[in-house]
Amino acid sequence: MNGPHVHDTPAPASWRIALPHTAAAVPVARALVRTALAELEHTADSDTAELLTAELVANAVEHTAGDGPIELVVELMPTGCQVEVHDPDPAPPGDLTVPAPAEEPDPWQEHGRGLLLIRTLSSSCGHRPTASGKAVWFRLPAVPAQRRPS
């Protein structure tokens, strides 16, 4: 073939699911992320993706009013994955992208570490307004196959 070669890049695979606005949504979201990541050869670290997804879903359940569903969106790309949680509250999530100055989580409290984990373990994170509230997201890079546990 003469001229430049066009490389086929696979389209991203994505999953979108409505979850109940209850704590029962957390294990369902973790299972969906685990299943989605298991389907690709070069993918992000599943344990980290599950942990951060659980934090996003738990925050949406705990910090948004109402009983309408929240939505989980998982997008898998050759470069990694992006996970979004959509909820009906338009208010931005606390200190997701800019930590509160000189505040560390109280080691004796059960809460207060979720956003810190997301900021620390993801390659990027943020939030954006949606027509029905907001989406809070994180990205993880793909892990080379030789570095992934068997």
# chains A, B, ... in the order shown; residues from 1 in each chain; ligands from 1
>>> select_by_dssp(residues="region 8-143 of chain A", states="helix (DSSP H, G or I)", output="number ranges by chain")
A: 25-38, 46-63, 114-121
>>> write_last_selection(atoms="N, CA and C atoms", output="compact mmCIF listing (two decimals), in the first residue's frame")
# COMPACT_ATOMS: atom_id res chain seq x y z
N ALA A 25 -25.58 0.05 46.26
CA ALA A 25 -24.99 0.41 44.97
C ALA A 25 -23.48 0.19 44.95
N VAL A 26 -22.82 0.28 46.09
CA VAL A 26 -21.36 0.20 46.14
C VAL A 26 -20.83 -1.15 45.65
N PRO A 27 -21.28 -2.29 46.19
CA PRO A 27 -20.74 -3.56 45.68
C PRO A 27 -21.13 -3.83 44.22
N VAL A 28 -22.28 -3.35 43.80
CA VAL A 28 -22.69 -3.53 42.40
C VAL A 28 -21.73 -2.76 41.49
N ALA A 29 -21.40 -1.54 41.87
CA ALA A 29 -20.48 -0.72 41.08
C ALA A 29 -19.09 -1.36 41.03
N ARG A 30 -18.62 -1.86 42.15
CA ARG A 30 -17.31 -2.53 42.18
C ARG A 30 -17.30 -3.73 41.25
N ALA A 31 -18.35 -4.52 41.28
CA ALA A 31 -18.43 -5.71 40.43
C ALA A 31 -18.46 -5.34 38.95
N LEU A 32 -19.18 -4.28 38.61
CA LEU A 32 -19.23 -3.85 37.22
C LEU A 32 -17.85 -3.42 36.73
N VAL A 33 -17.13 -2.65 37.53
CA VAL A 33 -15.80 -2.20 37.15
C VAL A 33 -14.86 -3.39 37.02
N ARG A 34 -14.91 -4.31 37.96
CA ARG A 34 -14.05 -5.50 37.91
C ARG A 34 -14.32 -6.30 36.63
N THR A 35 -15.59 -6.50 36.31
CA THR A 35 -15.96 -7.25 35.11
C THR A 35 -15.52 -6.53 33.84
N ALA A 36 -15.74 -5.21 33.80
CA ALA A 36 -15.35 -4.43 32.62
C ALA A 36 -13.85 -4.49 32.39
N LEU A 37 -13.07 -4.32 33.43
CA LEU A 37 -11.62 -4.32 33.27
C LEU A 37 -11.08 -5.70 32.93
N ALA A 38 -11.75 -6.76 33.35
CA ALA A 38 -11.29 -8.11 33.06
C ALA A 38 -11.42 -8.45 31.58
N SER A 46 -7.23 -3.13 38.37
CA SER A 46 -8.60 -3.41 38.79
C SER A 46 -8.84 -3.07 40.26
N ASP A 47 -7.90 -3.41 41.13
CA ASP A 47 -8.09 -3.14 42.56
C ASP A 47 -8.23 -1.65 42.83
N THR A 48 -7.37 -0.85 42.21
CA THR A 48 -7.45 0.60 42.39
C THR A 48 -8.74 1.14 41.80
N ALA A 49 -9.12 0.67 40.61
CA ALA A 49 -10.36 1.12 39.99
C ALA A 49 -11.57 0.79 40.86
N GLU A 50 -11.59 -0.41 41.43
CA GLU A 50 -12.70 -0.79 42.31
C GLU A 50 -12.76 0.10 43.55
N LEU A 51 -11.61 0.33 44.18
CA LEU A 51 -11.56 1.15 45.38
C LEU A 51 -12.07 2.56 45.10
N LEU A 52 -11.55 3.19 44.04
CA LEU A 52 -11.94 4.57 43.74
C LEU A 52 -13.40 4.65 43.30
N THR A 53 -13.88 3.65 42.58
CA THR A 53 -15.29 3.61 42.19
C THR A 53 -16.17 3.52 43.44
N ALA A 54 -15.78 2.66 44.38
CA ALA A 54 -16.55 2.53 45.63
C ALA A 54 -16.61 3.86 46.36
N GLU A 55 -15.51 4.60 46.36
CA GLU A 55 -15.49 5.91 47.03
C GLU A 55 -16.44 6.89 46.34
N LEU A 56 -16.40 6.94 45.01
CA LEU A 56 -17.29 7.86 44.29
C LEU A 56 -18.75 7.52 44.52
N VAL A 57 -19.08 6.24 44.43
CA VAL A 57 -20.48 5.83 44.60
C VAL A 57 -20.94 6.07 46.04
N ALA A 58 -20.11 5.73 47.02
CA ALA A 58 -20.47 5.96 48.42
C ALA A 58 -20.68 7.45 48.69
N ASN A 59 -19.83 8.30 48.12
CA ASN A 59 -20.00 9.74 48.30
C ASN A 59 -21.30 10.22 47.68
N ALA A 60 -21.63 9.72 46.49
CA ALA A 60 -22.87 10.13 45.83
C ALA A 60 -24.08 9.72 46.66
N VAL A 61 -24.04 8.51 47.21
CA VAL A 61 -25.15 8.03 48.03
C VAL A 61 -25.26 8.85 49.32
N GLU A 62 -24.14 9.09 49.96
CA GLU A 62 -24.15 9.76 51.27
C GLU A 62 -24.40 11.26 51.19
N HIS A 63 -23.89 11.91 50.16
CA HIS A 63 -23.90 13.37 50.15
C HIS A 63 -24.89 14.01 49.19
N GLY A 114 -11.93 9.50 51.35
CA GLY A 114 -12.31 9.11 49.99
C GLY A 114 -11.77 10.02 48.92
N LEU A 115 -11.97 11.32 49.06
CA LEU A 115 -11.49 12.24 48.04
C LEU A 115 -9.96 12.29 48.01
N LEU A 116 -9.34 12.14 49.18
CA LEU A 116 -7.88 12.08 49.24
C LEU A 116 -7.37 10.86 48.46
N LEU A 117 -8.01 9.72 48.63
CA LEU A 117 -7.63 8.52 47.87
C LEU A 117 -7.78 8.74 46.37
N ILE A 118 -8.88 9.35 45.98
CA ILE A 118 -9.12 9.58 44.55
C ILE A 118 -8.05 10.52 43.98
N ARG A 119 -7.77 11.61 44.68
CA ARG A 119 -6.73 12.55 44.22
C ARG A 119 -5.37 11.88 44.13
N THR A 120 -5.04 11.05 45.10
CA THR A 120 -3.72 10.45 45.22
C THR A 120 -3.50 9.29 44.24
N LEU A 121 -4.50 8.43 44.08
CA LEU A 121 -4.31 7.20 43.31
C LEU A 121 -4.68 7.30 41.83
>>> atom_distance(atom1="CA of Ala18 (chain A)", atom2="CA of Leu72 (chain A)")
6.4 Å
>>> residues_around(residues="region 76-92 of chain A", least_positions_apart="2", cutoff="9 Å", atoms="only C-alpha atoms", output="PyMOL selection string")
chain A and resi 9-15+33+36-37+40+42-45+49+52-53+56-57+60-61+63-66+68-74+94-96+127-130+132-143
